[in-house]
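Written out below as structure tokens is the structure these notes cover.
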Amino acid sequence: MAELSNYILVGALLFGLGVIGFLTRRNLIVVFLCTELMFQGVVVNLVAFARYWGNLQGQAFALFLLVIAAVEAGLALALVVVLYRRRGTLDSEAWNSMRG
Amino acid sequence: MDSLQQYSILILLLPLLGAVLAGALGPRLLKGATHWVVILAVGGAAYCAYQLFEVYTHLAVHTHEPVQLVIYDWIGMGGPTSWLTVNFRIDPLALVMLLTVTFIATWIVVYARDYMRHHHHPERGYERFFAFLGLFVFSMCALVLGGNFLLLYLGWEAVGLCSYLLIGFYYDKPAAAAAAMKAFLVNRIGDFGFGLGILLIYLKCGSLDYDYVLSSAGITALGDWAPGIALLLFCGAVGKSAQLPLYVWLPDAMEGPTPVSALIHAATMVTAGVYMVARCGAIFVTSEAVMTFVAAIGGITALFAATMALVQYDMKRILAYSTISQLGFMFLGLGVYAADAAVFHLMTHAFFKALLFLGAGSVMHAMGGIIDVREFGGLRKVLPWTCYTFVIGSLALAGFPMLSGFFSKDLILHQALEVQPLLGWLAVITAGLTAFYTFRMVLLAFWGPKRLPFGVHVHESGPWIIVPLLVLAIGAAGAGYYFHEKLPEFLVDMMTPFDVAFEHLPPGAVVHGLSHEEVGLLSGVVAIAGIAVAVLGYWIRPDWSRRWREESGWLYILVHNKYYVDEILATVLVRPLQQAAAVGSAVDRYLVDGLVWLVAAGPRLVGFILHRYQRGAMQGYGVMMAGGLAVIIFLVFIFARVLAAAN
Amino acid sequence: MNWSTTTIAIYGLTALGAVAVYLLLPRAGRSARVAGTLLGLAALAGLVVLSLRSFAIPGSEDFYFYLLAVLALTSAAGVITQRKAVYSALYFVLTVVAVAGLVVLLEAEFLAAALIIIYGGAILVTYLFVIMLAQQEGQPLYDRRVRGGWWACVAGFLLTATVASALSDFLLLAPVVAPPMTVEVANTDRLGLVVMTRYMVVLQAAGILLLLALVGAVAIVRKRYPHLETVERPLPAIGQAGREAAPF
């Protein structure tokens, strides 16, 4: 049985890869995909903690996290579709009208 | 117990619900039917008040102990006992007030249905008017029902707000807007003292519940501060109940619609001060000087206002000065330890003054908005219902024997002649003046040759107006006789502090002059004499009144100009304040605003430097966020390590 | 090996991984994909060795753990480095499968199934739909060039390394070993009991949230404001837009 820290490390690395992708990629769809990647890291952490505490709260939390992920995906993709309609591109750089 | 709680909550919630419904649904949905919501709500409240009275009297057949109901924790500050609860105190005084307020309000709302509809501002703000009326009844009931000083204050301010809103109902009329503001500001002066008094009570007692503050323990805790607190509280009463020197707002308040004048500025709200002094009797009676002061303010106001009513021509203004004068009678009663008489007078006054105002409104309604008695006359034939109910109300106000005003005024006069003979005789004179100016108004408006303003089609009002007039006329005629023994009996518990203090007055303070019967005879004679003089001067020999006016010369001019009080106040108070305000405005504009500008300049500078880093790209912000988060986590991590090493 | 050297090792290996990811990210000119791959594999191998040496007592299950962990991490790297959005999505499916495997190792079978069904099934299909709906012909520039990847890699590396080292540091001070599972009731049944009793309100809230999201998504996508569809100012050329807005 692998130790908790191993799972934590995997979770952290998944999260970190998601962050890097989120910050670098310009395709809005891939950007949101990277947030899902971060969710995966969190799920690994939650379930690992649940296992090592010997209770189910982490699992229940992860379950609700799935709900949140689904909601987020639905809304984010709806927004992506709207944005794509308005500019004809998925480039996140095309949206910088908040520039100071 | 439970039904007490239910009924008392319903009394509060029904008018509030009515107000909210009328305000929310009125303009869109209910429109012309809005009055039904409020009539049902206020009528329901009146019914609940009656039920509450029934339940209460059956609870306490022999003793009229107050019942304290805790509704919920208002402000919890930790600890086992809550700091402040919303609690109701149900006792005879509260019940008398509740019944009076809700009963009169019900009929006034009924009256307003027609009055507002065909008024010279047709349908404008119809729903708003009824919503405010509901809100007012709610506030007044909260004021009366509340079992602690904070609820009292809440209700006090809320009725002030409603009064402001309703005086300024025709807000596009400059006079109305100014009158509303004047009422609010003048009340504010009084309320300032009132608020200070309540704060002092809390400081000294650590509680705001009547149960504690008005008990002997609470009075002991107040100690030497009690007279001062009583004076501060009285300050509030002077403002709200329009006594000298803060009465100036009430005549101007007649700019509001007539039902409002009847309900708020005659029958109910202005009596809040009387209610409060009666409620806090235990605090007031701690000092004889304070009681004398209350009596003096009341007696002098009564005379002063009555003289001003002598020479007015606007019916509503005559009634307004008369209200001030009658409120003065009530305070005189309170000041001479006759609080039950004062509350009794409050009740009878509510009947006949509401009736008189509604009658004046009916005249105004028929005259197309004209209310100056010089413009019309001899309306007896064309407005018979209005005329005869108005006469009944006038007789009651004048103190005609066996009508309601007679009984209550009689009780006050009797005790005043014993405790403060000087003020007592002034009050007798005032009673005569009251009878005179009341019938002067009646005769000018209803008797004599028929005169009508040009182009007015006179018509008697419909049943929506006549029925409330009749009901109130019955009350004005009969309430005095019906209640003159029951009410003091019912209020005996409230009277305890007054009676105790009265017993302990120094021996020389009480003069045993006239017996009850003699006083009754005296006041009856005075009333009839006042009426007779009016009849003589304004009906039989109209030229006499003209001669009186000419011969009194400067006195007439002085009184006619209301003793120049408004002008004196303007010179002494308003102008210096305006100049001070100008200075303050300059300081604000240049000093304070300058400082504010300086403070704002810092962020503006920082923003100027930083704005170039706001590139508008979401992920750019993300990079900074991730980096910042990493640094924070790193620092926490290091810190934890140092801690671990230190251990 | 004491804990501080472990920390240093984690920092070093994460930095190595970050460099590898940087090299792998799509960008203009010659990309160093081979070097990146090699570096990444080296970093992963280093992590495996580190964890074997410092934490783990090798056992039969550990083989699966390392297999799945390496699979998850490589496919995650695939998600963020692929030049085609479809490939990214497919790599993401692989990540989900690997994570589900890890979750099975942690004896949360129901959650593993839910992950595959919801992520691999529902969410990913939605993504693929949108990719097909909104993807432009060929390989658009914004897929071939990342934006200022260097700073992002540094930030991501810092975040990962601090989180990982902090967590494993504290865990190392008091190594946590999983208690043996005393399973009498199946995982699904137990989870169901918890969710339906203790988290009942949360469950209801989640349901309402889903409904709201459904309505919201429909409301967002509906074409209600035709006048907003017009572009008010000329679009910058796609490459230009990126250059203008680069935050660093």
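Residue names in the structure tokens use chain letters A, B, ... in the order shown, residue numbers from 1 in each chain, and ligand numbers from 1 in the order shown.
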List as JSON lines every residue of chain B that is in contact with chain A, defined as an atom at most 12 Å from one of its atoms (using only C-alpha atoms), together with the nearest atom pair and the distance in Å rounded to one decimal, sorted by chain and then rising number.
{"residue": "B:Gly607", "atom": "CA", "partner": "A:Gly100", "partner_atom": "CA", "distance": 9.3}
{"residue": "B:Phe608", "atom": "CA", "partner": "A:Gly100", "partner_atom": "CA", "distance": 9.4}
{"residue": "B:Ile609", "atom": "CA", "partner": "A:Gly100", "partner_atom": "CA", "distance": 10.6}
{"residue": "B:Leu610", "atom": "CA", "partner": "A:Gly100", "partner_atom": "CA", "distance": 8.6}
{"residue": "B:His611", "atom": "CA", "partner": "A:Gly100", "partner_atom": "CA", "distance": 4.9}
{"residue": "B:Arg612", "atom": "CA", "partner": "A:Gly100", "partner_atom": "CA", "distance": 6.0}
{"residue": "B:Tyr613", "atom": "CA", "partner": "A:Gly100", "partner_atom": "CA", "distance": 7.4}
{"residue": "B:Gln614", "atom": "CA", "partner": "A:Gly100", "partner_atom": "CA", "distance": 4.9}
{"residue": "B:Arg615", "atom": "CA", "partner": "A:Arg99", "partner_atom": "CA", "distance": 4.5}
{"residue": "B:Gly616", "atom": "CA", "partner": "A:Arg99", "partner_atom": "CA", "distance": 3.9}
{"residue": "B:Ala617", "atom": "CA", "partner": "A:Asn96", "partner_atom": "CA", "distance": 5.1}
{"residue": "B:Met618", "atom": "CA", "partner": "A:Asn96", "partner_atom": "CA", "distance": 7.7}
{"residue": "B:Gln619", "atom": "CA", "partner": "A:Leu23", "partner_atom": "CA", "distance": 5.2}
{"residue": "B:Gly620", "atom": "CA", "partner": "A:Leu23", "partner_atom": "CA", "distance": 7.4}
{"residue": "B:Tyr621", "atom": "CA", "partner": "A:Leu23", "partner_atom": "CA", "distance": 9.0}
{"residue": "B:Gly622", "atom": "CA", "partner": "A:Leu23", "partner_atom": "CA", "distance": 6.3}
{"residue": "B:Val623", "atom": "CA", "partner": "A:Leu23", "partner_atom": "CA", "distance": 6.2}
{"residue": "B:Met624", "atom": "CA", "partner": "A:Leu23", "partner_atom": "CA", "distance": 9.9}
{"residue": "B:Met625", "atom": "CA", "partner": "A:Leu23", "partner_atom": "CA", "distance": 10.3}
{"residue": "B:Ala626", "atom": "CA", "partner": "A:Val19", "partner_atom": "CA", "distance": 7.9}
{"residue": "B:Gly627", "atom": "CA", "partner": "A:Val19", "partner_atom": "CA", "distance": 10.7}
{"residue": "B:Leu629", "atom": "CA", "partner": "A:Val19", "partner_atom": "CA", "distance": 11.9}
{"residue": "B:Ala630", "atom": "CA", "partner": "A:Gly16", "partner_atom": "CA", "distance": 11.0}
Take the residues from that selection and write them out as an mmCIF file, in the first residue's frame, keeping N, CA, C and O atoms.
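Generated output (selection-v6.cif):
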data_model
loop_
_atom_site.group_PDB
_atom_site.id
_atom_site.type_symbol
_atom_site.label_atom_id
_atom_site.label_comp_id
_atom_site.auth_asym_id
_atom_site.auth_seq_id
_atom_site.Cartn_x
_atom_site.Cartn_y
_atom_site.Cartn_z
ATOM 1 N N GLY B 607 -2.852 53.865 -9.071
ATOM 2 C CA GLY B 607 -3.530 53.350 -10.241
ATOM 3 C C GLY B 607 -2.859 53.796 -11.534
ATOM 4 O O GLY B 607 -2.706 53.016 -12.465
ATOM 5 N N PHE B 608 -2.408 55.043 -11.518
ATOM 6 C CA PHE B 608 -1.741 55.557 -12.705
ATOM 7 C C PHE B 608 -0.483 54.741 -13.011
ATOM 8 O O PHE B 608 -0.160 54.454 -14.153
ATOM 9 N N ILE B 609 0.235 54.361 -11.939
ATOM 10 C CA ILE B 609 1.451 53.587 -12.150
ATOM 11 C C ILE B 609 1.121 52.167 -12.580
ATOM 12 O O ILE B 609 1.756 51.590 -13.449
ATOM 13 N N LEU B 610 0.078 51.603 -11.945
ATOM 14 C CA LEU B 610 -0.161 50.174 -12.135
ATOM 15 C C LEU B 610 -1.021 49.856 -13.354
ATOM 16 O O LEU B 610 -1.077 48.707 -13.752
ATOM 17 N N HIS B 611 -1.683 50.869 -13.909
ATOM 18 C CA HIS B 611 -2.683 50.497 -14.894
ATOM 19 C C HIS B 611 -2.067 49.833 -16.109
ATOM 20 O O HIS B 611 -2.715 49.087 -16.813
ATOM 21 N N ARG B 612 -0.793 50.075 -16.346
ATOM 22 C CA ARG B 612 -0.200 49.473 -17.544
ATOM 23 C C ARG B 612 -0.028 47.967 -17.401
ATOM 24 O O ARG B 612 0.158 47.269 -18.364
ATOM 25 N N TYR B 613 -0.098 47.512 -16.136
ATOM 26 C CA TYR B 613 0.013 46.060 -15.958
ATOM 27 C C TYR B 613 -1.326 45.363 -16.075
ATOM 28 O O TYR B 613 -1.417 44.161 -16.005
ATOM 29 N N GLN B 614 -2.366 46.164 -16.206
ATOM 30 C CA GLN B 614 -3.690 45.566 -16.392
ATOM 31 C C GLN B 614 -3.872 45.377 -17.882
ATOM 32 O O GLN B 614 -4.419 46.235 -18.549
ATOM 33 N N ARG B 615 -3.450 44.224 -18.388
ATOM 34 C CA ARG B 615 -3.460 44.058 -19.824
ATOM 35 C C ARG B 615 -4.777 43.523 -20.334
ATOM 36 O O ARG B 615 -4.935 43.304 -21.515
ATOM 37 N N GLY B 616 -5.683 43.214 -19.435
ATOM 38 C CA GLY B 616 -6.973 42.742 -19.887
ATOM 39 C C GLY B 616 -6.978 41.289 -20.306
ATOM 40 O O GLY B 616 -7.989 40.775 -20.728
ATOM 41 N N ALA B 617 -5.834 40.607 -20.220
ATOM 42 C CA ALA B 617 -5.793 39.205 -20.609
ATOM 43 C C ALA B 617 -5.967 38.351 -19.367
ATOM 44 O O ALA B 617 -5.205 38.448 -18.416
ATOM 45 N N MET B 618 -7.011 37.552 -19.414
ATOM 46 C CA MET B 618 -7.359 36.733 -18.258
ATOM 47 C C MET B 618 -6.175 35.944 -17.729
ATOM 48 O O MET B 618 -5.898 35.904 -16.530
ATOM 49 N N GLN B 619 -5.421 35.335 -18.654
ATOM 50 C CA GLN B 619 -4.387 34.428 -18.195
ATOM 51 C C GLN B 619 -3.187 35.171 -17.609
ATOM 52 O O GLN B 619 -2.475 34.647 -16.771
ATOM 53 N N GLY B 620 -3.015 36.419 -18.035
ATOM 54 C CA GLY B 620 -1.961 37.219 -17.421
ATOM 55 C C GLY B 620 -2.225 37.390 -15.941
ATOM 56 O O GLY B 620 -1.328 37.240 -15.104
ATOM 57 N N TYR B 621 -3.489 37.689 -15.628
ATOM 58 C CA TYR B 621 -3.855 37.786 -14.217
ATOM 59 C C TYR B 621 -3.650 36.442 -13.522
ATOM 60 O O TYR B 621 -3.230 36.369 -12.376
ATOM 61 N N GLY B 622 -3.975 35.382 -14.268
ATOM 62 C CA GLY B 622 -3.816 34.046 -13.703
ATOM 63 C C GLY B 622 -2.384 33.777 -13.298
ATOM 64 O O GLY B 622 -2.121 33.210 -12.241
ATOM 65 N N VAL B 623 -1.442 34.200 -14.140
ATOM 66 C CA VAL B 623 -0.029 33.980 -13.829
ATOM 67 C C VAL B 623 0.330 34.666 -12.517
ATOM 68 O O VAL B 623 0.944 34.078 -11.624
ATOM 69 N N MET B 624 -0.107 35.922 -12.406
ATOM 70 C CA MET B 624 0.229 36.646 -11.179
ATOM 71 C C MET B 624 -0.406 35.982 -9.970
ATOM 72 O O MET B 624 0.190 35.883 -8.905
ATOM 73 N N MET B 625 -1.657 35.532 -10.172
ATOM 74 C CA MET B 625 -2.352 34.902 -9.055
ATOM 75 C C MET B 625 -1.629 33.650 -8.614
ATOM 76 O O MET B 625 -1.380 33.431 -7.415
ATOM 77 N N ALA B 626 -1.262 32.807 -9.580
ATOM 78 C CA ALA B 626 -0.594 31.556 -9.235
ATOM 79 C C ALA B 626 0.738 31.850 -8.552
ATOM 80 O O ALA B 626 1.086 31.231 -7.533
ATOM 81 N N GLY B 627 1.482 32.808 -9.102
ATOM 82 C CA GLY B 627 2.760 33.151 -8.496
ATOM 83 C C GLY B 627 2.582 33.655 -7.076
ATOM 84 O O GLY B 627 3.280 33.218 -6.146
ATOM 85 N N LEU B 629 0.109 33.117 -5.055
ATOM 86 C CA LEU B 629 -0.328 32.025 -4.188
ATOM 87 C C LEU B 629 0.859 31.166 -3.787
ATOM 88 O O LEU B 629 1.013 30.779 -2.620
ATOM 89 N N ALA B 630 1.734 30.887 -4.766
ATOM 90 C CA ALA B 630 2.915 30.071 -4.480
ATOM 91 C C ALA B 630 3.773 30.739 -3.416
ATOM 92 O O ALA B 630 4.229 30.086 -2.466
#
| task | May I have the residues of chain A within 7 Å of chain C, counting only C-alpha atoms, written as a PyMOL selection string? | result | chain A and resi 1-6+8-10+12-14+16-17+19-21+23-27+30+44+47-48+51-52+54+56+60+63+67+70-71+73-75+77-79+81-82+84+86+91+93-94+96
What would the file look like if the residues just selected were written as a PDB file, in the first residue's frame with C-alpha atoms?
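As a result, part.pdb now contains:
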ATOM      1  CA  MET A   1       0.000   0.000   0.000  1.00  0.00           C
ATOM      2  CA  ALA A   2       1.510   3.250  -1.136  1.00  0.00           C
ATOM      3  CA  GLU A   3       1.822   5.991   1.397  1.00  0.00           C
ATOM      4  CA  LEU A   4      -0.364   9.023   1.540  1.00  0.00           C
ATOM      5  CA  SER A   5       2.407  11.359   0.480  1.00  0.00           C
ATOM      6  CA  ASN A   6       2.713   9.582  -2.832  1.00  0.00           C
ATOM      7  CA  ILE A   8      -0.544  13.799  -2.492  1.00  0.00           C
ATOM      8  CA  LEU A   9       2.398  14.227  -4.806  1.00  0.00           C
ATOM      9  CA  VAL A  10       0.473  12.858  -7.760  1.00  0.00           C
ATOM     10  CA  ALA A  12      -0.226  18.159  -6.656  1.00  0.00           C
ATOM     11  CA  LEU A  13       1.532  17.406  -9.919  1.00  0.00           C
ATOM     12  CA  LEU A  14      -1.737  16.925 -11.772  1.00  0.00           C
ATOM     13  CA  GLY A  16       0.310  21.931 -11.336  1.00  0.00           C
ATOM     14  CA  LEU A  17       0.150  20.636 -14.885  1.00  0.00           C
ATOM     15  CA  VAL A  19      -2.234  25.343 -13.854  1.00  0.00           C
ATOM     16  CA  ILE A  20       0.515  25.526 -16.435  1.00  0.00           C
ATOM     17  CA  GLY A  21      -1.890  24.572 -19.182  1.00  0.00           C
ATOM     18  CA  LEU A  23      -1.907  29.836 -18.019  1.00  0.00           C
ATOM     19  CA  THR A  24      -0.287  29.080 -21.351  1.00  0.00           C
ATOM     20  CA  ARG A  25      -2.833  27.705 -23.748  1.00  0.00           C
ATOM     21  CA  ARG A  26      -4.774  30.153 -25.864  1.00  0.00           C
ATOM     22  CA  ASN A  27      -7.556  27.935 -27.099  1.00  0.00           C
ATOM     23  CA  VAL A  30      -8.260  23.705 -23.934  1.00  0.00           C
ATOM     24  CA  VAL A  44      -7.049  12.302  -6.055  1.00  0.00           C
ATOM     25  CA  VAL A  47     -10.032  10.409  -1.976  1.00  0.00           C
ATOM     26  CA  ALA A  48      -6.559   9.735  -0.619  1.00  0.00           C
ATOM     27  CA  ARG A  51      -8.846   6.583   2.663  1.00  0.00           C
ATOM     28  CA  TYR A  52      -6.226   7.502   5.203  1.00  0.00           C
ATOM     29  CA  GLY A  54     -10.820   5.891   7.252  1.00  0.00           C
ATOM     30  CA  LEU A  56     -16.206   8.800   3.748  1.00  0.00           C
ATOM     31  CA  ALA A  60     -18.719  12.539  -0.513  1.00  0.00           C
ATOM     32  CA  LEU A  63     -18.824  13.367  -5.429  1.00  0.00           C
ATOM     33  CA  VAL A  67     -21.361  17.978  -9.719  1.00  0.00           C
ATOM     34  CA  ALA A  70     -20.293  19.230 -14.558  1.00  0.00           C
ATOM     35  CA  VAL A  71     -21.955  22.563 -13.877  1.00  0.00           C
ATOM     36  CA  ALA A  73     -18.254  22.552 -17.873  1.00  0.00           C
ATOM     37  CA  GLY A  74     -21.801  23.194 -18.994  1.00  0.00           C
ATOM     38  CA  LEU A  75     -21.719  26.909 -18.312  1.00  0.00           C
ATOM     39  CA  LEU A  77     -18.838  25.692 -22.786  1.00  0.00           C
ATOM     40  CA  ALA A  78     -22.020  27.710 -23.268  1.00  0.00           C
ATOM     41  CA  LEU A  79     -19.942  30.834 -22.785  1.00  0.00           C
ATOM     42  CA  VAL A  81     -19.995  29.058 -27.820  1.00  0.00           C
ATOM     43  CA  VAL A  82     -21.289  32.592 -27.304  1.00  0.00           C
ATOM     44  CA  TYR A  84     -17.042  32.094 -30.590  1.00  0.00           C
ATOM     45  CA  ARG A  86     -19.246  36.973 -31.492  1.00  0.00           C
ATOM     46  CA  ASP A  91      -8.334  32.782 -29.046  1.00  0.00           C
ATOM     47  CA  GLU A  93      -6.203  36.907 -26.578  1.00  0.00           C
ATOM     48  CA  ALA A  94      -9.057  38.317 -28.581  1.00  0.00           C
ATOM     49  CA  ASN A  96      -8.748  42.020 -23.744  1.00  0.00           C
TER      50      ASN A  96
END
As a check of understanding: the span from CA of Trp74 (chain B) to CA of Ala217 (chain B) is 24.0 Å
request  = Run DSSP on the backbone of this structure and report the residues of region 54-254 of chain B it assigns to strand (DSSP E or B), as a ChimeraX atom specification.
outcome  = /B:67-75,84-90,146,148,209
Write the residues of the preceding selection, restricted to N, CA, C and O atoms, as a compact mmCIF listing (two decimals), in the first residue's frame.
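Output contents, as saved in result02.txt:
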# COMPACT_ATOMS: atom_id res chain seq x y z
N VAL B 67 -49.48 42.22 31.55
CA VAL B 67 -48.99 40.93 31.05
C VAL B 67 -47.84 41.21 30.11
O VAL B 67 -47.97 42.03 29.20
N GLN B 68 -46.74 40.56 30.36
CA GLN B 68 -45.57 40.77 29.52
C GLN B 68 -45.44 39.60 28.57
O GLN B 68 -45.38 38.46 29.02
N LEU B 69 -45.44 39.87 27.28
CA LEU B 69 -45.30 38.79 26.30
C LEU B 69 -43.97 38.93 25.59
O LEU B 69 -43.70 39.98 25.00
N VAL B 70 -43.16 37.89 25.62
CA VAL B 70 -41.90 37.94 24.89
C VAL B 70 -42.13 37.31 23.53
O VAL B 70 -42.52 36.14 23.44
N ILE B 71 -41.96 38.07 22.49
CA ILE B 71 -42.24 37.55 21.16
C ILE B 71 -41.01 36.86 20.59
O ILE B 71 -41.05 35.73 20.15
N TYR B 72 -39.91 37.55 20.55
CA TYR B 72 -38.67 36.87 20.18
C TYR B 72 -37.46 37.70 20.62
O TYR B 72 -37.61 38.87 20.97
N ASP B 73 -36.30 37.04 20.61
CA ASP B 73 -35.06 37.74 20.93
C ASP B 73 -34.76 38.73 19.84
O ASP B 73 -34.67 38.37 18.68
N TRP B 74 -34.60 39.95 20.23
CA TRP B 74 -34.34 40.95 19.19
C TRP B 74 -32.85 41.06 18.97
O TRP B 74 -32.33 40.77 17.88
N ILE B 75 -32.17 41.49 19.99
CA ILE B 75 -30.73 41.65 19.87
C ILE B 75 -30.10 40.75 20.91
O ILE B 75 -30.15 41.05 22.10
N LEU B 84 -32.03 42.18 24.73
CA LEU B 84 -33.22 42.94 24.39
C LEU B 84 -34.16 42.02 23.62
O LEU B 84 -33.75 41.35 22.68
N THR B 85 -35.38 41.96 24.05
CA THR B 85 -36.34 41.13 23.35
C THR B 85 -37.43 42.03 22.79
O THR B 85 -37.63 43.14 23.24
N VAL B 86 -38.08 41.51 21.76
CA VAL B 86 -39.31 42.17 21.33
C VAL B 86 -40.39 41.66 22.26
O VAL B 86 -40.76 40.49 22.21
N ASN B 87 -40.80 42.50 23.18
CA ASN B 87 -41.84 42.04 24.09
C ASN B 87 -42.97 43.05 24.11
O ASN B 87 -42.78 44.25 23.90
N PHE B 88 -44.16 42.53 24.35
CA PHE B 88 -45.34 43.38 24.42
C PHE B 88 -45.77 43.49 25.86
O PHE B 88 -45.62 42.55 26.63
N ARG B 89 -46.28 44.64 26.21
CA ARG B 89 -46.84 44.78 27.54
C ARG B 89 -48.32 45.08 27.34
O ARG B 89 -48.70 46.08 26.75
N ILE B 90 -49.12 44.18 27.82
CA ILE B 90 -50.57 44.36 27.68
C ILE B 90 -51.12 44.71 29.04
O ILE B 90 -51.06 43.91 29.98
N GLY B 146 -45.53 47.96 22.60
CA GLY B 146 -44.17 47.62 22.96
C GLY B 146 -43.96 47.58 24.46
O GLY B 146 -44.53 48.39 25.20
N ASN B 148 -40.91 47.71 25.91
CA ASN B 148 -39.66 48.33 26.36
C ASN B 148 -39.47 49.65 25.63
O ASN B 148 -40.16 49.96 24.67
N ASP B 209 -36.60 47.41 29.65
CA ASP B 209 -37.93 46.85 29.82
C ASP B 209 -38.72 47.67 30.83
O ASP B 209 -38.23 48.01 31.90
May I have the residues within 10 Å of Leu417 (chain B) as a ChimeraX atom specification, using only C-alpha atoms and disregarding those fewer than 2 positions away in the same chain? /B:336,412-415,419-428,510-514,519
message = Neighbouring residues of region 447-459 of chain B were defined as those with any atom within 6 Å, considering only C-alpha atoms; residues of the same chain fewer than 6 positions away were excluded. Please report them as a PyMOL selection string.
response = chain B and resi 366+375-378
Can you tell me, as JSON, numbers by chain, what residues are no more than 9 Å from Leu23 (chain C) when counting only C-alpha atoms, ignoring any on the same chain fewer than 5 positions away? {"C": [18, 31, 32, 33, 34, 35, 36, 37]}
Write to file, as a PDB file, in the first residue's frame, the residues of the selection just made, with all heavy atoms.
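Writing done, so here's again08.pdb:
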ATOM      1  N   ALA C  18       9.124  21.125 -15.082  1.00  0.00           N
ATOM      2  CA  ALA C  18       8.631  22.375 -15.646  1.00  0.00           C
ATOM      3  C   ALA C  18       9.383  22.736 -16.913  1.00  0.00           C
ATOM      4  O   ALA C  18       8.790  23.167 -17.915  1.00  0.00           O
ATOM      5  CB  ALA C  18       8.759  23.496 -14.613  1.00  0.00           C
ATOM      6  N   SER C  31      10.628  23.508 -32.293  1.00  0.00           N
ATOM      7  CA  SER C  31      10.330  23.108 -30.920  1.00  0.00           C
ATOM      8  C   SER C  31      11.203  21.921 -30.574  1.00  0.00           C
ATOM      9  O   SER C  31      11.636  21.170 -31.436  1.00  0.00           O
ATOM     10  CB  SER C  31       8.851  22.762 -30.784  1.00  0.00           C
ATOM     11  OG  SER C  31       8.548  21.698 -31.657  1.00  0.00           O
ATOM     12  N   ALA C  32      11.476  21.814 -29.298  1.00  0.00           N
ATOM     13  CA  ALA C  32      12.398  20.777 -28.843  1.00  0.00           C
ATOM     14  C   ALA C  32      11.603  19.660 -28.199  1.00  0.00           C
ATOM     15  O   ALA C  32      11.671  19.435 -26.993  1.00  0.00           O
ATOM     16  CB  ALA C  32      13.414  21.370 -27.869  1.00  0.00           C
ATOM     17  N   ARG C  33      10.789  18.984 -29.008  1.00  0.00           N
ATOM     18  CA  ARG C  33       9.873  18.014 -28.404  1.00  0.00           C
ATOM     19  C   ARG C  33      10.619  16.796 -27.897  1.00  0.00           C
ATOM     20  O   ARG C  33      10.267  16.250 -26.851  1.00  0.00           O
ATOM     21  CB  ARG C  33       8.828  17.596 -29.411  1.00  0.00           C
ATOM     22  CG  ARG C  33       8.099  18.795 -29.978  1.00  0.00           C
ATOM     23  CD  ARG C  33       6.933  18.392 -30.803  1.00  0.00           C
ATOM     24  NE  ARG C  33       5.804  18.038 -29.972  1.00  0.00           N
ATOM     25  CZ  ARG C  33       4.593  17.780 -30.466  1.00  0.00           C
ATOM     26  NH1 ARG C  33       4.422  17.804 -31.780  1.00  0.00           N
ATOM     27  NH2 ARG C  33       3.593  17.480 -29.681  1.00  0.00           N
ATOM     28  N   VAL C  34      11.636  16.386 -28.654  1.00  0.00           N
ATOM     29  CA  VAL C  34      12.363  15.187 -28.218  1.00  0.00           C
ATOM     30  C   VAL C  34      13.056  15.466 -26.892  1.00  0.00           C
ATOM     31  O   VAL C  34      12.916  14.694 -25.930  1.00  0.00           O
ATOM     32  CB  VAL C  34      13.394  14.791 -29.288  1.00  0.00           C
ATOM     33  CG1 VAL C  34      14.146  13.556 -28.828  1.00  0.00           C
ATOM     34  CG2 VAL C  34      12.687  14.524 -30.605  1.00  0.00           C
ATOM     35  N   ALA C  35      13.748  16.612 -26.843  1.00  0.00           N
ATOM     36  CA  ALA C  35      14.451  16.950 -25.603  1.00  0.00           C
ATOM     37  C   ALA C  35      13.466  17.069 -24.456  1.00  0.00           C
ATOM     38  O   ALA C  35      13.705  16.570 -23.340  1.00  0.00           O
ATOM     39  CB  ALA C  35      15.205  18.274 -25.779  1.00  0.00           C
ATOM     40  N   GLY C  36      12.345  17.688 -24.749  1.00  0.00           N
ATOM     41  CA  GLY C  36      11.330  17.860 -23.703  1.00  0.00           C
ATOM     42  C   GLY C  36      10.846  16.522 -23.187  1.00  0.00           C
ATOM     43  O   GLY C  36      10.740  16.306 -21.982  1.00  0.00           O
ATOM     44  N   THR C  37      10.540  15.627 -24.123  1.00  0.00           N
ATOM     45  CA  THR C  37      10.049  14.317 -23.709  1.00  0.00           C
ATOM     46  C   THR C  37      11.063  13.619 -22.824  1.00  0.00           C
ATOM     47  O   THR C  37      10.725  13.065 -21.768  1.00  0.00           O
ATOM     48  CB  THR C  37       9.763  13.452 -24.946  1.00  0.00           C
ATOM     49  OG1 THR C  37       9.031  14.242 -25.881  1.00  0.00           O
ATOM     50  CG2 THR C  37       8.974  12.233 -24.568  1.00  0.00           C
TER      51      THR C  37
END
